[in-house]
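Participant: One structure, pasted below without further comment.
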Amino acid sequence: MDKVYLGIDVGSVSTNVVAIDENNRVLSKQYIRTNGQPLESVKTGIKKLKNDIDGKYKVAGVGTTGSGRQLVGIMIGADVIKNEITAHATATINYVPSANTIFEIGGQDSKIIFLDKGLITDFAMNTVCAAGTGSFLDHQAERLGIPIQQFGDYALRAQRKVRIAGRCTVFAESDMISKQQFGFSKEEIINGLCEALVRNYINNLGRGKKIRPPYVFQGGVAANAGIRAAFEKELGEQVTVPEYFDVMGALGSAILSKEYVEHTGHTTKFRGFEAADIEFTPSSFECSGCSNLCEVIKVEINGETAAMWGDKCAKWTNSVKSI
Amino acid sequence: MKVTFPHMGSTLVYRKLVEMLGHEAITPPKPSQRTIDLGVKYSPEFACFPMKVIMGSYVEALEKGAEVILTSGGHGPCRAGFYGEMHKRILNNLGYEVDVWVFDSIKRDYKNFMNIVKKLKGDNSWLRLWTILKLLYQVTKDVDGFEMQLQTKRAYETKKGDCTRAWDKIQHIYNSVQDEKGLKEARQQCQNLIDEIPVMIIPEDQKIRIGIVGEIYVVMESAANMKMEETLGSLGCEVRRSHYISEWIEHNMIPKAFSKSHEEEILKKGEKYIEIKIGGHAKETMGNIVDFHEQGFDGIIHLMPFGCLPELVSQSIMPKLMDDLDIPVLTIALDEQTGTSNNLTRIEAFLDLIRNKKRNRLSKVS
């Protein structure tokens with residue numbers, strides 16, 4: 001049976017599960033809304049993926065990334081648990097080797113990653129505010145009564161230009177409301193919003209740094225043609241959206257797991273597709289050992305403590321025997 | 001007199017100084033969430049993070065009965081220069097009868113400096129004072145040296161937390177040093193303690209060394225920087241800081257004629273990027289990065305309080321410096337709103353970047 005590598009990216013808005021073969025070709029790709037239930041959505045993703053590949057391939061490695069990487073990594077038995085920045089860049093370096101700058105806009109954070117000859121040289125993540133990320137666009141689409149999938153097309157149909165304050169989500173929203181009252185159409189407001197977000201993104205993340213083409217735009221928001229057009233307008237250059245733009249993080253972690261397994265020769269720790277049915281209970285409590293009052297997260301598998309983290313002094317983390 | 005002081009890294013030396021001069025030292029507890037909450041509550045919203053944490057520490061020390069606060073002043077146009085007075089007024093308004101004694105650099109304000117020295121000295125003879133200062137200076141040198149050894153060893157310890165436990169013990173041992181003889185014994189005891197820590201053997205070309213630079217308080221106080229040194233250590237990095245107390249003493253407490261201070265050299269190295277002193281530690285930050293680069297460090301973590309003016313200036317020079325020296329720098333702004341998981345992601349990615357750069361491979365897995 002041919003080998004296959006899984007990558008799971010557990011983000012705030014979507015959970016992505018992919019399977020790649022030894023030549024990094026994508027065999028299956030699942031994009032699932034997280035809806036605040038990371039574990040459930042991973043289970044759904046795994047089950048769907050199983051239908052695509054079970055019986056034909058053998059899982060040789062698993063990687064997780066995203067904000068829920070640790071929790072899901074334990075649940076599924078991941079070989080590599082990696083941060084989103086490295087995972088995203090790894091995928092881009094593989095699928096768009098010429099890229100020098102990556103714009104990645106996800107559900108709750110946005111990043112810019114600078115590459116040079118296939119190496120990350122620098123990166124930045126949004127710090128202060130979520131303006132310009134997927135959640136904000138989601139919220140605005142809902143408010144305007146437009147399905148998020150059509151958001152970009154609306155922007156492209158705009159006739160006139162309108163400038164919207166993009167510094168902060170709250171101000172952007174109140175500015176949009178007042179511009180609506182001035183009589184601008186939905187299309188123009190949405191286009192203005194896309195431009196404001198791109199401006200904010202480049203000022204906030206790219207500040208003082210040399211942004212060099214070729215540009216690659218990925219993450220869930222890259223589906224939005226309006227934002228892509230605004231990037232191209234702002235930079236005066238073409239911006240590439242890769243084929244699997246919405247699951248790049250998952251692809252990157254799959255590639256990393258493949259490299260790890262090849263490099264070390266270890267056999268995978270993957271618990272099998274049955275992991276989706278394991279009784280898996282995360283809980284948290286406030287440790288009262290000192291005045292830090294850390295919130296400690298505890299994960300139990302079938303009633304046995306499998307992992308603990310979140311404590312500053314590592315008292316609880318160290319107390320768990322790895323299983 | 002019941003004397004307290006800010007909690008900035010190890011409080012060993014301040015505590016010993018106060019005690020050996022015959023006062024009662026009220027050591028503030030290590031800053032915790034409660035300290036930060038108190039500090040934020042009683043400080044102006046736009047004051048920087050060090051002012052808020054120190055504010056909280058003072059309140060906690062006053063709750064324990066402190067009467068006098070001993071602190072250091074700021075450099076140049078940095079806001080920290082006002083903080084002694086600000087803290088005093090806010091604390092007085094809260095109803096605490098407290099006096100604040102601010103040590104500014106002896107090179108700048110000799111008279112005020114000596115005034116505070118006299119008040120602290122009390123009835124002790126000048127000879128006694130000299131003996132104490134000499135001893136404590138050696139203690140500081142020793143302790144800083146041991147800390148550096150641990151900052152290296154922590155990256156390779158086989159049992160997580162060994163080095164941090166040894167560090168606590170070392171401070172405890174030095175706390176009871178009273179004279180030269182005790183110093184010698186403590187030195188031997190602590191060295192043995194460090195030598196006993198079991199470590200993994202890592203090939204030289206896989207070792208990673210990170211320099212932490214930036215504003216002194218957030219660099220020195222682990223409670224204000226999300227335990228940066230321990231975090232980096234647990235991720236397998238050797239660490240050095242841009243600030244150690246012994247260096248600070250050499251620069252600020254010893255008249256120029258008697259010291260060739262390390263900081264003077266650092267400042268010279270920073271001159272290329274910031275010509276004049278713009279306050280805080282901005283110029284030192286530049287100089288320190290150049291210095292770490294010359295020593296062959298692999299990367300720099302630049303810490304700044306959110307909204308710190310001097311460090312904002314140094315942050316904006318960073319792209320040029322990174323270009324000139326070809327050394328990766330990660331800037332992290334810290335305040336009471338800082339989320340740990342977000343910054344951990346950044347640090348992990350930064351270390352991946354450094355490892356990849358080192359191996360010059362397309363990608364690397366840990």
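Here's how to read the names in the structure tokens: chain A, B, ... by the order shown, residue numbers from 1 in each chain, ligand numbers from 1 in the order shown.
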May I have the residues of chain A within 7 Å of chain B, counting only C-alpha atoms, written as a PyMOL selection string?

Facilitator: chain A and resi 83+85-86+90+118-121+208-209+256+259-260+291-292

Participant: Based on the selection just made, write N, CA and C atoms of those residues as a PDB file, in the first residue's frame.

Facilitator:
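Below is the file that was written, again-v6.pdb:
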```pdb
ATOM      1  N   ASN A  83       3.942  25.300  14.678  1.00  0.00           N
ATOM      2  CA  ASN A  83       3.241  26.584  14.611  1.00  0.00           C
ATOM      3  C   ASN A  83       2.775  26.891  13.191  1.00  0.00           C
ATOM      4  N   ILE A  85       3.053  29.541  11.322  1.00  0.00           N
ATOM      5  CA  ILE A  85       3.924  30.313  10.424  1.00  0.00           C
ATOM      6  C   ILE A  85       4.830  29.367   9.641  1.00  0.00           C
ATOM      7  N   THR A  86       5.476  28.467  10.357  1.00  0.00           N
ATOM      8  CA  THR A  86       6.354  27.510   9.690  1.00  0.00           C
ATOM      9  C   THR A  86       5.554  26.611   8.750  1.00  0.00           C
ATOM     10  N   THR A  90       6.134  26.403   4.750  1.00  0.00           N
ATOM     11  CA  THR A  90       6.580  25.124   4.187  1.00  0.00           C
ATOM     12  C   THR A  90       5.741  24.757   2.970  1.00  0.00           C
ATOM     13  N   GLY A 118      13.747  30.128  -0.785  1.00  0.00           N
ATOM     14  CA  GLY A 118      13.143  29.000  -0.089  1.00  0.00           C
ATOM     15  C   GLY A 118      13.415  28.941   1.403  1.00  0.00           C
ATOM     16  N   LEU A 119      13.873  30.041   2.007  1.00  0.00           N
ATOM     17  CA  LEU A 119      14.076  30.099   3.451  1.00  0.00           C
ATOM     18  C   LEU A 119      13.274  31.265   4.019  1.00  0.00           C
ATOM     19  N   ILE A 120      12.702  31.065   5.207  1.00  0.00           N
ATOM     20  CA  ILE A 120      12.027  32.195   5.846  1.00  0.00           C
ATOM     21  C   ILE A 120      13.094  33.148   6.362  1.00  0.00           C
ATOM     22  N   THR A 121      12.987  34.423   6.028  1.00  0.00           N
ATOM     23  CA  THR A 121      13.965  35.369   6.555  1.00  0.00           C
ATOM     24  C   THR A 121      13.362  36.243   7.644  1.00  0.00           C
ATOM     25  N   GLY A 208       8.106  49.190   7.503  1.00  0.00           N
ATOM     26  CA  GLY A 208       9.556  49.344   7.436  1.00  0.00           C
ATOM     27  C   GLY A 208      10.286  48.200   6.750  1.00  0.00           C
ATOM     28  N   LYS A 209       9.529  47.200   6.283  1.00  0.00           N
ATOM     29  CA  LYS A 209      10.217  46.055   5.706  1.00  0.00           C
ATOM     30  C   LYS A 209      10.070  46.043   4.197  1.00  0.00           C
ATOM     31  N   LEU A 256       5.683  18.571   6.667  1.00  0.00           N
ATOM     32  CA  LEU A 256       6.622  18.511   7.792  1.00  0.00           C
ATOM     33  C   LEU A 256       6.633  17.127   8.431  1.00  0.00           C
ATOM     34  N   GLU A 259       8.641  14.847   6.183  1.00  0.00           N
ATOM     35  CA  GLU A 259      10.082  15.072   6.331  1.00  0.00           C
ATOM     36  C   GLU A 259      10.592  14.497   7.645  1.00  0.00           C
ATOM     37  N   TYR A 260       9.771  14.661   8.687  1.00  0.00           N
ATOM     38  CA  TYR A 260      10.175  14.155  10.003  1.00  0.00           C
ATOM     39  C   TYR A 260      10.339  12.639   9.967  1.00  0.00           C
ATOM     40  N   SER A 291       0.139  32.651  43.774  1.00  0.00           N
ATOM     41  CA  SER A 291      -0.738  33.764  43.421  1.00  0.00           C
ATOM     42  C   SER A 291      -0.903  33.943  41.918  1.00  0.00           C
ATOM     43  N   ASN A 292      -0.212  33.140  41.096  1.00  0.00           N
ATOM     44  CA  ASN A 292      -0.393  33.274  39.648  1.00  0.00           C
ATOM     45  C   ASN A 292      -1.746  32.754  39.173  1.00  0.00           C
TER      46      ASN A 292
END
```

Participant: Skip Glu104 (chain A) itself and residues of its chain fewer than 6 positions away, then list as a VMD selection string all residues within 7 Å of it, counting only C-alpha atoms.

Facilitator: chain A and resid 110 to 112 217 to 219

Participant: Could you check how far CA of Phe103 (chain B) sits from CA of Val117 (chain B), in Å to one decimal?

Facilitator: 9.0 Å

Participant: Tell me which of B:Gly73, B:Arg128, B:Ile106, B:Lys88 sits closest to Gly22 (chain B), counting only C-alpha atoms.

Facilitator: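 For Gly22 (chain B), the nearest of the candidates is B:Arg128.
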
Participant: Extract, using only C-alpha atoms, all DNA, RNA and protein residues at most 6 Å from region 264-277 of chain B, discarding same-chain residues fewer than 4 positions from it, and format them as a VMD selection string.

Facilitator: chain B and resid 283 to 284 286 to 288

Participant: Let me see the file: selected residues, C-alpha atoms, as an mmCIF file, in the first residue's frame.

Facilitator:
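Resulting contents of out_31.cif:
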```
data_model
loop_
_atom_site.group_PDB
_atom_site.id
_atom_site.type_symbol
_atom_site.label_atom_id
_atom_site.label_comp_id
_atom_site.auth_asym_id
_atom_site.auth_seq_id
_atom_site.Cartn_x
_atom_site.Cartn_y
_atom_site.Cartn_z
ATOM 1 C CA LYS B 283 21.057 52.972 22.019
ATOM 2 C CA GLU B 284 22.176 50.082 24.211
ATOM 3 C CA MET B 286 21.448 48.671 19.073
ATOM 4 C CA GLY B 287 24.884 48.247 20.588
ATOM 5 C CA ASN B 288 23.935 44.987 22.228
#
```

Participant: Could you check which of A:Thr317, A:Thr268, A:Ser288, A:Asn35 is closest to Ala60 (chain A), using only C-alpha atoms?

Facilitator: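 Selected residue with least distance to Ala60 (chain A): A:Thr268.
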
Participant: How many Å separate CA of Leu309 (chain B) from CA of Tyr14 (chain B)?

Facilitator: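 About the pair CA of Leu309 (chain B) and CA of Tyr14 (chain B): they are 28.3 Å apart.
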
Participant: With only C-alpha atoms as the basis for distance, which of B:Lys121, B:His293, B:Lys153, B:Lys16 is at the shortest distance from Glu196 (chain B)?

Facilitator: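 Checking each candidate against Glu196 (chain B), we get B:Lys153 as the closest.
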
Participant: Work out how far CA of Thr140 (chain B) is from CA of His302 (chain B), in Å to one decimal.

Facilitator: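 Straight-line distance from CA of His302 (chain B) to CA of Thr140 (chain B) works out to 24.6 Å.
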
Participant: Skipping near chain neighbours, those fewer than 2 positions away, what residues fall within 7 Å of Ser28 (chain A) using only C-alpha atoms, listed as a list in words?

Facilitator: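 Once the nearby chain positions are removed, what remains is Val18, Ala19, Val26, Gln30, Leu49 and Asp52 of chain A.
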
Participant: If you keep N, CA and C atoms, can you produce a file of those selected residues as a PDB file, in the first residue's frame?

Facilitator:
```
ATOM      1  N   VAL A  18      -6.049  17.359   5.466  1.00  0.00           N
ATOM      2  CA  VAL A  18      -5.615  16.959   4.126  1.00  0.00           C
ATOM      3  C   VAL A  18      -4.806  15.672   4.192  1.00  0.00           C
ATOM      4  N   ALA A  19      -4.719  15.004   3.044  1.00  0.00           N
ATOM      5  CA  ALA A  19      -3.845  13.847   2.907  1.00  0.00           C
ATOM      6  C   ALA A  19      -3.018  14.045   1.652  1.00  0.00           C
ATOM      7  N   VAL A  26      -1.961  16.252  -3.530  1.00  0.00           N
ATOM      8  CA  VAL A  26      -3.093  16.256  -2.606  1.00  0.00           C
ATOM      9  C   VAL A  26      -4.075  15.154  -2.987  1.00  0.00           C
ATOM     10  N   GLN A  30     -10.278  18.381   3.194  1.00  0.00           N
ATOM     11  CA  GLN A  30     -11.550  18.684   3.870  1.00  0.00           C
ATOM     12  C   GLN A  30     -11.462  20.065   4.516  1.00  0.00           C
ATOM     13  N   LEU A  49     -12.277  12.141   5.502  1.00  0.00           N
ATOM     14  CA  LEU A  49     -11.022  11.802   4.845  1.00  0.00           C
ATOM     15  C   LEU A  49     -10.866  10.287   4.719  1.00  0.00           C
ATOM     16  N   ASP A  52     -12.260   8.744   1.724  1.00  0.00           N
ATOM     17  CA  ASP A  52     -11.494   8.962   0.499  1.00  0.00           C
ATOM     18  C   ASP A  52     -10.305   8.017   0.367  1.00  0.00           C
TER      19      ASP A  52
END
```
